Amino acid sequence: VRAALAFANRHSLRVTCRSGGHSTAGFSVGDDAMVIDTSRIRYVRIDENSGGPTARVGAGSDWGYVGRELDRHGLHVPGGGCESVCVAGYMQGGGYSYTSRMFGMNCDSVVEAKIMLADGRIAIANERQNFPLFWAIRGGTGNNFGVLLEVTYRLYRPGALWGFSIRWPIDDAPRAIFEIQNQYMKTNPSRLVGFETHGAPIDGRQVLLMRGMYRGTHGEAHRALYPVLSTPGATLEYGLEGSYYELNRRNEQGVTAPAGGKEEKQSGYIRAPLSLAEWEGVIDMFGRTPNPYSIFNLEAYGGAINEVAAGANAFIHRDAYCNFFLDVFWVKDADKASAVRYLDEFMAMM
């Protein structure tokens with residue numbers, strides 16, 4: 001990294017950093033810039049110290065690898081649902097996880113970071129030293145202040161969790177989302193540690209899925225989920241006990257992009273409750289997709305996410321009901337224009 005930065009300085013090149021390459025906006029590619037790929041800075045070193053377990057993690061470590069290593073020790077930090085997402089971009093953007101409603105955003109568990117500055121010096125940033133830098137990299141989207149090399153995380157012992165997936169026909173989606181919004185978003189009832197709601201194509205049909213995890217028994221989870229399980233069209237696809245790592249892998253199955261597909265995506269936050277009529281409008285718009293590949297996703301906030309004061313670090317979105325995104329895909333280049341036009345129309349409606 002130091003040699004790459006020195007080369008960039010000598011030749012007056014702009015530098016963009018990439019850990020996993022998942023940036024929807026393309027920030028991990030850059031225009032007319034040198035890309036420093038940190039994906040080989042990949043390690044997990046666990047310390048079971050008296051103040052509680054921590055882990056030093058290389059900035060290019062992917063969450064499949066990190067999750068697997070932590071799971072072997074019964075430990076956890078909120079991590080990326082998609083296993084190929086890497087630490088640097090994820091943490092510096094905030095980092096939402098299925099367990100964020102219990103443990104906060106990923107950046108909230110950072111206790112220290114190691115960063116290489118543009119001149120090749122290494123800065124250690126924590127509560128005691130280089131605090132402005134420590135504040136800014138936690139959820140401030142990153143890539144602005146230096147090259148992230150390592151993160152030290154505070155770890156947790158969540159124990160066994162109960163993972164679930166509930167499914168509705170798309171016609172029943174507005175009522176279901178309205179109930180999910182009113183019963184679960186901005187709250188953290190009965191240890192429902194986190195969930196995502198997808199409008200997605202499954203077996204050639206649009207459906208609504210609610211997938212998440214609960215910290216408790218099968219019976220307790222059923223009672224906590226009763227308000228949505230009793231809505232019209234609800235079917236419990238599965239419910240099973242396991243570790244976070246096992247359940248995350250199960251929950252991420254089934255919602256996939258088309259083979260050979262190309263993608264565009266936009267996202268935002270919902271900070272006020274929508275009416276049932278408004279959710280009907282959202283699902284009606286979702287049904288107008290020009291091809292069957294589009295995915296609409298809601299990631300529920302509340303609990304530990306919203307308990308952190310806005311301004312405690314650079315992730316400021318502490319008053320949201322959820323974030324959302326629409327992901328459009330196309331296989332043939334001739335279909336790109338209609339897919340992107342639909343994406344713009346959907347976001348304008350939101």
# chains A, B, ... in the order shown; residues from 1 in each chain; ligands from 1
$ residues_around --residues "A:Gly67" --least-positions-apart "6" --cutoff "12 Å" --atoms "only C-alpha atoms" --output "list in words"
Tyr43, Val44, Ala55, Val57, Ser61, His73, Gly74, Leu75, His76, Val77, Pro78, Gly79, Gly80, Gly81, Cys82, Glu83, Ser84, Val85, Cys86, Val87, Ser97, Leu155, Ser243, Tyr244, Tyr245, Glu246, Leu247, Asn248 and Arg249 of chain A
$ closest_atom_pairs --of "stretch 145-241 of chain A" --to "stretch 277-282 of chain A" --cutoff "10 Å" --atoms "only C-alpha atoms" --output "tab-separated table"
residue	atom	partner	partner_atom	distance
A:Asp171	CA	A:Glu280	CA	9.1
A:Asp172	CA	A:Glu280	CA	9.5
A:Ala173	CA	A:Glu280	CA	8.1
A:Pro174	CA	A:Glu280	CA	5.1
A:Arg175	CA	A:Trp279	CA	7.9
A:Ala176	CA	A:Trp279	CA	9.5
A:Ile177	CA	A:Trp279	CA	7.3
A:Phe178	CA	A:Trp279	CA	6.9
$ closest_residue --among "A:Asp47, A:Lys265, A:Leu148, A:Tyr301" --to "A:His22" --atoms "only C-alpha atoms"
A:Lys265
$ residues_around --residues "A:Phe134" --least-positions-apart "5" --cutoff "10 Å" --atoms "only C-alpha atoms" --output "list in words"
Val110, Val111, Glu112, Ala113, Lys114, Ile115, Ala123, Ile124, Ala125, Asn126, Glu127, Arg128, Gln129, Asn313 and Ala314 of chain A
$ residues_around --residues "A:Gly204" --least-positions-apart "5" --cutoff "12 Å" --atoms "only C-alpha atoms" --output "list in words"
Gly254, Val255, Pro258, Asn291, Pro292, Tyr293 and Ser294 of chain A
$ write_last_selection --atoms "N, CA and C atoms" --output "PDB file, in the first residue's frame"
ATOM      1  N   GLY A 254     -31.562 -18.184  -2.160  1.00  0.00           N
ATOM      2  CA  GLY A 254     -32.824 -18.116  -2.889  1.00  0.00           C
ATOM      3  C   GLY A 254     -33.117 -16.807  -3.583  1.00  0.00           C
ATOM      4  N   VAL A 255     -32.552 -15.679  -3.094  1.00  0.00           N
ATOM      5  CA  VAL A 255     -32.773 -14.390  -3.753  1.00  0.00           C
ATOM      6  C   VAL A 255     -31.494 -14.054  -4.515  1.00  0.00           C
ATOM      7  N   PRO A 258     -29.968 -12.763 -11.998  1.00  0.00           N
ATOM      8  CA  PRO A 258     -29.983 -13.676 -13.145  1.00  0.00           C
ATOM      9  C   PRO A 258     -28.566 -13.979 -13.628  1.00  0.00           C
ATOM     10  N   ASN A 291     -38.860  -6.215 -16.445  1.00  0.00           N
ATOM     11  CA  ASN A 291     -38.418  -7.608 -16.574  1.00  0.00           C
ATOM     12  C   ASN A 291     -38.573  -8.257 -15.197  1.00  0.00           C
ATOM     13  N   PRO A 292     -38.480  -9.560 -15.096  1.00  0.00           N
ATOM     14  CA  PRO A 292     -38.818 -10.242 -13.836  1.00  0.00           C
ATOM     15  C   PRO A 292     -37.709 -10.255 -12.797  1.00  0.00           C
ATOM     16  N   TYR A 293     -36.611  -9.497 -13.006  1.00  0.00           N
ATOM     17  CA  TYR A 293     -35.445  -9.667 -12.154  1.00  0.00           C
ATOM     18  C   TYR A 293     -35.363  -8.705 -10.967  1.00  0.00           C
ATOM     19  N   SER A 294     -36.172  -7.650 -10.939  1.00  0.00           N
ATOM     20  CA  SER A 294     -35.995  -6.596  -9.939  1.00  0.00           C
ATOM     21  C   SER A 294     -36.217  -7.110  -8.511  1.00  0.00           C
TER      22      SER A 294
END
$ closest_residue --among "A:Pro201, A:Gly233, A:Gly242, A:Gly287" --to "A:Ala257" --atoms "only C-alpha atoms"
A:Pro201
$ atom_distance --atom1 "atom CA of A:Leu192" --atom2 "atom CA of A:Glu299"
13.2 Å
$ residues_around --residues "stretch 333-340 of chain A" --least-positions-apart "5" --cutoff "9 Å" --atoms "only C-alpha atoms" --output "list in words"
Lys262, Glu263, Glu264, Lys265, Thr289, Pro290, Asn291, Ser294, Val328 and Glu345 of chain A
$ select_by_dssp --residues "stretch 80-320 of chain A" --states "helix (DSSP H, G or I)" --output "PyMOL selection string"
chain A and resi 87-92+100-103+106-109+131-137+170-183+189-191+218-229+244-251+276-286+304-307
$ atom_distance --atom1 "atom CA of A:Met285" --atom2 "atom CA of A:His198"
14.5 Å
$ residues_around --residues "A:Gly26" --least-positions-apart "4" --cutoff "12 Å" --atoms "only C-alpha atoms" --output "count of residues only"
14
$ closest_residue --among "A:Val308, A:Ala234, A:Ala6, A:Ile295" --to "A:Met210" --atoms "only C-alpha atoms"
A:Ala234
$ atom_distance --atom1 "atom CA of A:Glu179" --atom2 "atom CA of A:Leu276"
9.1 Å
$ closest_residue --among "A:Val331, A:Ala272, A:Ala4, A:Val151" --to "A:Asp119" --atoms "only C-alpha atoms"
A:Ala4
$ select_by_dssp --residues "stretch 227-327 of chain A" --states "strand (DSSP E or B)" --output "list in words"
Thr235, Leu236, Glu237, Tyr238, Gly239, Leu240, Glu241, Gly242, Lys262, Glu263, Glu264, Lys265, Gln266, Ser267, Gly268, Tyr269, Ile270, Ile295, Phe296, Asn297, Leu298, Glu299, Ala300, Cys322, Asn323, Phe324, Phe325, Leu326 and Asp327 of chain A
$ residues_around --residues "A:Ser165" --least-positions-apart "6" --cutoff "10 Å" --atoms "only C-alpha atoms" --output "number ranges by chain"
A: 195-197, 209-213, 235-240, 250-251
$ write_last_selection --atoms "N, CA, C and O atoms" --output "PDB file, in the first residue's frame"
ATOM      1  N   PHE A 195     -34.155  -8.234  10.853  1.00  0.00           N
ATOM      2  CA  PHE A 195     -34.792  -8.881   9.717  1.00  0.00           C
ATOM      3  C   PHE A 195     -34.723  -7.974   8.501  1.00  0.00           C
ATOM      4  O   PHE A 195     -34.545  -6.766   8.608  1.00  0.00           O
ATOM      5  N   GLU A 196     -34.840  -8.593   7.352  1.00  0.00           N
ATOM      6  CA  GLU A 196     -34.946  -7.891   6.090  1.00  0.00           C
ATOM      7  C   GLU A 196     -36.234  -8.324   5.409  1.00  0.00           C
ATOM      8  O   GLU A 196     -36.698  -9.452   5.590  1.00  0.00           O
ATOM      9  N   THR A 197     -36.808  -7.428   4.632  1.00  0.00           N
ATOM     10  CA  THR A 197     -38.021  -7.726   3.881  1.00  0.00           C
ATOM     11  C   THR A 197     -37.724  -7.533   2.406  1.00  0.00           C
ATOM     12  O   THR A 197     -37.304  -6.451   1.995  1.00  0.00           O
ATOM     13  N   LEU A 209     -40.805 -11.627   1.061  1.00  0.00           N
ATOM     14  CA  LEU A 209     -40.140 -12.458   2.054  1.00  0.00           C
ATOM     15  C   LEU A 209     -39.733 -11.604   3.248  1.00  0.00           C
ATOM     16  O   LEU A 209     -39.249 -10.489   3.084  1.00  0.00           O
ATOM     17  N   MET A 210     -39.926 -12.122   4.441  1.00  0.00           N
ATOM     18  CA  MET A 210     -39.375 -11.526   5.658  1.00  0.00           C
ATOM     19  C   MET A 210     -38.435 -12.562   6.257  1.00  0.00           C
ATOM     20  O   MET A 210     -38.869 -13.641   6.674  1.00  0.00           O
ATOM     21  N   ARG A 211     -37.138 -12.239   6.269  1.00  0.00           N
ATOM     22  CA  ARG A 211     -36.151 -13.178   6.784  1.00  0.00           C
ATOM     23  C   ARG A 211     -35.367 -12.516   7.908  1.00  0.00           C
ATOM     24  O   ARG A 211     -34.947 -11.368   7.780  1.00  0.00           O
ATOM     25  N   GLY A 212     -35.180 -13.242   9.000  1.00  0.00           N
ATOM     26  CA  GLY A 212     -34.493 -12.642  10.127  1.00  0.00           C
ATOM     27  C   GLY A 212     -34.048 -13.655  11.146  1.00  0.00           C
ATOM     28  O   GLY A 212     -34.026 -14.861  10.902  1.00  0.00           O
ATOM     29  N   MET A 213     -33.701 -13.142  12.330  1.00  0.00           N
ATOM     30  CA  MET A 213     -33.228 -13.980  13.434  1.00  0.00           C
ATOM     31  C   MET A 213     -33.836 -13.485  14.736  1.00  0.00           C
ATOM     32  O   MET A 213     -34.091 -12.286  14.896  1.00  0.00           O
ATOM     33  N   THR A 235     -47.003 -17.467   5.143  1.00  0.00           N
ATOM     34  CA  THR A 235     -46.587 -18.857   5.288  1.00  0.00           C
ATOM     35  C   THR A 235     -45.186 -18.876   5.879  1.00  0.00           C
ATOM     36  O   THR A 235     -44.286 -18.195   5.377  1.00  0.00           O
ATOM     37  N   LEU A 236     -44.995 -19.631   6.968  1.00  0.00           N
ATOM     38  CA  LEU A 236     -43.662 -19.805   7.528  1.00  0.00           C
ATOM     39  C   LEU A 236     -42.917 -20.816   6.662  1.00  0.00           C
ATOM     40  O   LEU A 236     -43.224 -22.005   6.681  1.00  0.00           O
ATOM     41  N   GLU A 237     -41.954 -20.325   5.869  1.00  0.00           N
ATOM     42  CA  GLU A 237     -41.196 -21.220   4.984  1.00  0.00           C
ATOM     43  C   GLU A 237     -40.287 -22.147   5.779  1.00  0.00           C
ATOM     44  O   GLU A 237     -40.163 -23.333   5.476  1.00  0.00           O
ATOM     45  N   TYR A 238     -39.597 -21.591   6.754  1.00  0.00           N
ATOM     46  CA  TYR A 238     -38.752 -22.411   7.614  1.00  0.00           C
ATOM     47  C   TYR A 238     -38.486 -21.658   8.912  1.00  0.00           C
ATOM     48  O   TYR A 238     -38.586 -20.434   8.993  1.00  0.00           O
ATOM     49  N   GLY A 239     -38.153 -22.416   9.938  1.00  0.00           N
ATOM     50  CA  GLY A 239     -37.686 -21.891  11.213  1.00  0.00           C
ATOM     51  C   GLY A 239     -36.701 -22.895  11.765  1.00  0.00           C
ATOM     52  O   GLY A 239     -37.017 -24.083  11.862  1.00  0.00           O
ATOM     53  N   LEU A 240     -35.502 -22.464  12.093  1.00  0.00           N
ATOM     54  CA  LEU A 240     -34.490 -23.393  12.568  1.00  0.00           C
ATOM     55  C   LEU A 240     -33.528 -22.702  13.507  1.00  0.00           C
ATOM     56  O   LEU A 240     -33.292 -21.493  13.412  1.00  0.00           O
ATOM     57  N   ARG A 250     -28.223 -19.484   5.497  1.00  0.00           N
ATOM     58  CA  ARG A 250     -29.538 -19.990   5.089  1.00  0.00           C
ATOM     59  C   ARG A 250     -30.429 -18.846   4.615  1.00  0.00           C
ATOM     60  O   ARG A 250     -31.120 -18.960   3.596  1.00  0.00           O
ATOM     61  N   ASN A 251     -30.424 -17.734   5.337  1.00  0.00           N
ATOM     62  CA  ASN A 251     -31.313 -16.626   4.988  1.00  0.00           C
ATOM     63  C   ASN A 251     -30.939 -15.965   3.671  1.00  0.00           C
ATOM     64  O   ASN A 251     -31.798 -15.363   3.015  1.00  0.00           O
TER      65      ASN A 251
END
